[in-house]
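Heads up: the structure comes next, in structure tokens.
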Amino acid sequence: MAKTGITPTRADDYPEWYQQVIKAADMAENSPVRGCMVIKPWGYGIWENMQAGLDKMFKETGHENAYFPLFIPISFLEKEAQHVEGFAKECAVVTHHRLEPGPDGGLIPAGPLDEPLIVRPTSETIIGVMFAKWIQSYRDLPLKINQWANVVRWELRTRLFLRTTEFLWQEGHTAHATAEEAQAETHLMLDVYADFIENQMAVPVIRGEKTAGERFPGADKTLSVEAMMQDRKALQAGTSHFLGQNFSRAQEIKFQDKNGTESFVWTTSWGASTRLVGALIMTHSDDDGLVLPPRLAPQQVVILPIFRNDQEEAQVLEYCQSLKQEIMQVRYHEQPVRVMIDQRDLRGGEKKWFHIKRGVPIRIEVGPRDIESKSVFVGRRDQPKSVGSGRAEFMAGLPQMLSDIQNGLLERARQMREQHTRVITTLEEFTAFFTPQNLDRPEIHGGFAHCHFVDCPETDEILKPLKVTPRCIPLEDEKIPGHCIFTGRPTVTRGIFAKSY
RNA sequence: CGGGGUGUAGCGCAGUCUGGCUAGCGCACCUGGUUUGGGACCAGGGGGUCGAAGGUUCGAAUCCUUUCACCCCGACCA
């Protein structure tokens, strides 16, 4: 049996495999601060590419970036009742503002604040207060703002990238004159997420609406994109909320229309976080480590020089340099191909595995023999074996090769999802689908169940012990009459059900 | 907040029950050598107040008391 880059394998212990992939790829690690991670250069490089991709799309759809405070006066949060209920218990609170030497040599907080500040778990409230100042007239609408920021949610259990106490994200906040326009914005931004996640992350998603129980606190409607990970669990990859007039009424965000009539604006908010990096890892990576889609890889090509002595070294490095220059002239998605030479004084095999584990899409191994024959030895991360190729031939086919890898990953992920999505019509079948063979050490099982259902408390109660949740009501589903598999009631609504992150 | 567990070198651990030579092992790291189209081998070396405080004892990583931190399982979740 071939040795794998990662121990254990996905099949042996999926959660542990996930941690080990992150470690082997040197993407992030736990910090001394409880629940908070340090994102290391390779992981942050991926995030920067995500930011760049999303930011461009936000601007193309008419949004502008701005920045709001990390701290929010506690009274701001209290205004919208549902919102308070949803977030209050996971807020970090700042109650003091100075430190003084304590009795036993430590430091103690000195000046209590008149009004405690919370560290933003999301910024609807503070942004709403500013919107109220900025919006007077229909001429001020629509107002379309995005913020790149960190937020804090005091979660009880954390996992690198998937759920950390502090995480990085973007949050879009918009205000509109009509409900229709705000609804359209909500759908537009969901489509932006779906486009980005499928075409740049190569992760197929289902666009849908959340059930009442899964809705954002304070929203009238929550849309999300849901992806299936390799352990067949669902991961919410982005959300877009239609907030109705809930926040504008609570915060008095009003405008005068052309007739001079005063009314409340309609708002939306939408966000995607560093959790996307977790989605990327769990969708594509294999038992040898991370696999990156070319569009997001910090390095798309790595050149590995192979030589035995000083004379060979000089010769090989020169060849590598010229190769690198040539590759940088090639463009992929309107950008120069990102390429590096790994010149470190390490053994060849070790170096090769280093880049395999980090998911670099293409490795080029260059030794004296290749120079002589004007060739390169090419390893694709999505294929098991390296193959020889003429240098000119390789250069000519490089953009296509990157595209092939990108598309291949998306296709493979899509097939995996199709394979584990089932239309289910009875509760017995549903229960069997989500019950592992081995209860003591559950194997990878289940997937997406596509079922008729009625969104009601009884349904939620039946689902609870199964640890399955309604992920969404797919937007593309047609309304076909059927019966709720949980309550037996007639319904035209179908949902995707899954275990989830 | 409930139930379980762990703190010994950068990482992973043994040693603790039954107190006793200079606190060990693997990986990683450094040096020298042999290697080199593939995660090398040999030799040498650096690195620890054994989570913290107090106690028992001739003697404590080991026994007692107190305390802190972290991890796993549940409830909460982008």
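We label chains A, B, ... in the order they appear in the structure tokens, count residues from 1 in each chain, and number ligands from 1 in the order shown.
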
Which residues are close to U6 of chain B, i.e. within 12 Å by only C-alpha atoms (C1' of nucleotides), leaving aside same-chain residues fewer than 5 positions away? Reply as an NGL selection string.
:B and (51 or 69-72)

Deliver the residues from the most recent selection as a file, using N, CA and C atoms (P, O5', C5', C4', C3', O3' and C1' of nucleotides), as a PDB file, in the first residue's frame.
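Now in selection_34.pdb:
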ATOM      1  P     G B  51       4.499  18.817  34.739  1.00  0.00           P
ATOM      2  O5'   G B  51       3.858  20.255  34.516  1.00  0.00           O
ATOM      3  C5'   G B  51       4.420  21.144  33.549  1.00  0.00           C
ATOM      4  C4'   G B  51       3.749  22.482  33.681  1.00  0.00           C
ATOM      5  C3'   G B  51       3.846  23.121  35.061  1.00  0.00           C
ATOM      6  O3'   G B  51       5.066  23.776  35.275  1.00  0.00           O
ATOM      7  C1'   G B  51       1.625  23.264  34.251  1.00  0.00           C
ATOM      8  P     A B  69      -7.865  29.152  34.049  1.00  0.00           P
ATOM      9  O5'   A B  69      -7.049  28.364  32.929  1.00  0.00           O
ATOM     10  C5'   A B  69      -5.984  29.010  32.234  1.00  0.00           C
ATOM     11  C4'   A B  69      -5.213  28.005  31.433  1.00  0.00           C
ATOM     12  C3'   A B  69      -6.039  27.210  30.432  1.00  0.00           C
ATOM     13  O3'   A B  69      -6.291  27.940  29.252  1.00  0.00           O
ATOM     14  C1'   A B  69      -4.621  25.748  31.623  1.00  0.00           C
ATOM     15  P     C B  70      -7.679  27.738  28.476  1.00  0.00           P
ATOM     16  O5'   C B  70      -7.424  26.393  27.665  1.00  0.00           O
ATOM     17  C5'   C B  70      -6.401  26.341  26.673  1.00  0.00           C
ATOM     18  C4'   C B  70      -5.992  24.917  26.423  1.00  0.00           C
ATOM     19  C3'   C B  70      -7.083  24.010  25.872  1.00  0.00           C
ATOM     20  O3'   C B  70      -7.249  24.155  24.476  1.00  0.00           O
ATOM     21  C1'   C B  70      -5.968  22.904  27.637  1.00  0.00           C
ATOM     22  P     C B  71      -8.701  23.888  23.833  1.00  0.00           P
ATOM     23  O5'   C B  71      -8.731  22.296  23.770  1.00  0.00           O
ATOM     24  C5'   C B  71      -7.804  21.589  22.944  1.00  0.00           C
ATOM     25  C4'   C B  71      -7.935  20.107  23.189  1.00  0.00           C
ATOM     26  C3'   C B  71      -9.329  19.532  22.990  1.00  0.00           C
ATOM     27  O3'   C B  71      -9.609  19.281  21.626  1.00  0.00           O
ATOM     28  C1'   C B  71      -8.444  18.736  25.020  1.00  0.00           C
ATOM     29  P     C B  72     -11.102  19.458  21.091  1.00  0.00           P
ATOM     30  O5'   C B  72     -11.764  18.094  21.579  1.00  0.00           O
ATOM     31  C5'   C B  72     -11.292  16.845  21.077  1.00  0.00           C
ATOM     32  C4'   C B  72     -11.958  15.713  21.821  1.00  0.00           C
ATOM     33  C3'   C B  72     -13.475  15.764  21.871  1.00  0.00           C
ATOM     34  O3'   C B  72     -14.074  15.298  20.681  1.00  0.00           O
ATOM     35  C1'   C B  72     -12.658  15.300  24.016  1.00  0.00           C
TER      36        C B  72
END

Hey, which bits of chain B sit within 10 Å of chain A, and for each residue what's the closest pair of atoms and how far apart in Å (one decimal), counting only C-alpha atoms (C1' of nucleotides), rows by chain and increasing number, as JSON lines?
{"residue": "B:U35", "atom": "C1'", "partner": "A:Arg308", "partner_atom": "CA", "distance": 9.9}
{"residue": "B:U36", "atom": "C1'", "partner": "A:Arg308", "partner_atom": "CA", "distance": 6.4}
{"residue": "B:G37", "atom": "C1'", "partner": "A:Gly367", "partner_atom": "CA", "distance": 7.3}
{"residue": "B:G38", "atom": "C1'", "partner": "A:Gly349", "partner_atom": "CA", "distance": 3.8}
{"residue": "B:G39", "atom": "C1'", "partner": "A:Glu350", "partner_atom": "CA", "distance": 4.7}
{"residue": "B:A40", "atom": "C1'", "partner": "A:Arg347", "partner_atom": "CA", "distance": 8.6}
{"residue": "B:C70", "atom": "C1'", "partner": "A:Arg34", "partner_atom": "CA", "distance": 9.1}
{"residue": "B:A75", "atom": "C1'", "partner": "A:Leu156", "partner_atom": "CA", "distance": 9.6}
{"residue": "B:C76", "atom": "C1'", "partner": "A:Leu156", "partner_atom": "CA", "distance": 7.0}
{"residue": "B:C77", "atom": "C1'", "partner": "A:Glu155", "partner_atom": "CA", "distance": 6.7}
{"residue": "B:A78", "atom": "C1'", "partner": "A:Ser273", "partner_atom": "CA", "distance": 6.6}

Residues of segment 147-328 of chain A in strand (DSSP E or B) according to DSSP, as a PyMOL selection string?
chain A and resi 147-152+159+163+166-176+206-209+221-228+234-242+254-256+262-264+266-273+286+289+301-305

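Excluding Leu317 of chain A and any residue on its chain fewer than 5 positions from it, the residues at most 9 Å away by only C-alpha atoms (C1' of nucleotides) are Pro305, Ile306, Glu312, Ser322, Ile341, Gln343 and Val366 of chain A.
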
Leaving out segment 17-20 of chain B and any residue of its chain fewer than 5 positions from it, which residues lie within 8 Å of it when counting only C-alpha atoms (C1' of nucleotides), given as JSON, numbers by chain?
{"B": [59, 60, 62, 63]}

Generate the output file for the selected residues, C-alpha atoms (C1' of nucleotides), as an mmCIF file, in the first residue's frame.
data_model
loop_
_atom_site.group_PDB
_atom_site.id
_atom_site.type_symbol
_atom_site.label_atom_id
_atom_site.label_comp_id
_atom_site.auth_asym_id
_atom_site.auth_seq_id
_atom_site.Cartn_x
_atom_site.Cartn_y
_atom_site.Cartn_z
ATOM 1 C "C1'" G B 59 15.328 12.232 48.912
ATOM 2 C "C1'" A B 60 9.393 14.060 44.790
ATOM 3 C "C1'" U B 62 6.213 10.116 41.063
ATOM 4 C "C1'" C B 63 2.654 10.670 47.449
#

Please identify all polymer residues within 7 Å of Val376 of chain A, counting only C-alpha atoms (C1' of nucleotides), omitting same-chain residues fewer than 4 positions from it, and present them as a ChimeraX atom specification.
/A:364-366,370,388-391

Give me a file of those residues, with N, CA and C atoms, as a tab-separated table (two decimals), in the first residue's frame.
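Output file again_19.tsv follows:
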chain	number	residue	atom	x	y	z
A	364	ILE	N	6.96	21.43	-11.78
A	364	ILE	CA	7.85	21.14	-12.91
A	364	ILE	C	9.19	20.75	-12.33
A	365	GLU	N	9.64	19.55	-12.66
A	365	GLU	CA	10.93	19.09	-12.15
A	365	GLU	C	11.94	19.19	-13.28
A	366	VAL	N	13.04	19.89	-12.98
A	366	VAL	CA	14.03	20.15	-14.03
A	366	VAL	C	15.41	19.67	-13.59
A	370	ASP	N	16.78	17.08	-18.67
A	370	ASP	CA	15.73	17.86	-19.31
A	370	ASP	C	16.31	19.00	-20.11
A	388	GLY	N	6.71	13.39	-18.70
A	388	GLY	CA	7.66	14.20	-19.46
A	388	GLY	C	6.95	14.94	-20.58
A	389	SER	N	7.50	16.07	-20.95
A	389	SER	CA	6.87	16.87	-22.00
A	389	SER	C	7.95	17.78	-22.60
A	390	GLY	N	7.80	18.09	-23.89
A	390	GLY	CA	8.70	19.07	-24.49
A	390	GLY	C	8.43	20.43	-23.86
A	391	ARG	N	9.47	21.22	-23.71
A	391	ARG	CA	9.30	22.53	-23.06
A	391	ARG	C	8.33	23.42	-23.83

Might you pull out every residue within 7 Å of Met340 of chain A, with only C-alpha atoms (C1' of nucleotides) counted and same-chain residues fewer than 6 positions away left off, and present them as a count of residues only?
4

Could you tell me, as a ChimeraX atom specification, which residues of segment 90-158 of chain A DSSP assigns to helix (DSSP H, G or I) when given the backbone?
/A:90,124-134,138-140

Set the distance at 10 Å and use only C-alpha atoms (C1' of nucleotides): which residues neighbour Phe76 of chain A once local chain neighbours fewer than 6 positions away are removed? I'd like the list as a list of chain:residue names.
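The residues that qualify are A:Val84, A:Leu117, A:Ile118, A:Glu124, A:Thr125, A:Ile126, A:Gly128, A:Val129, A:Ala250, A:Gln251.
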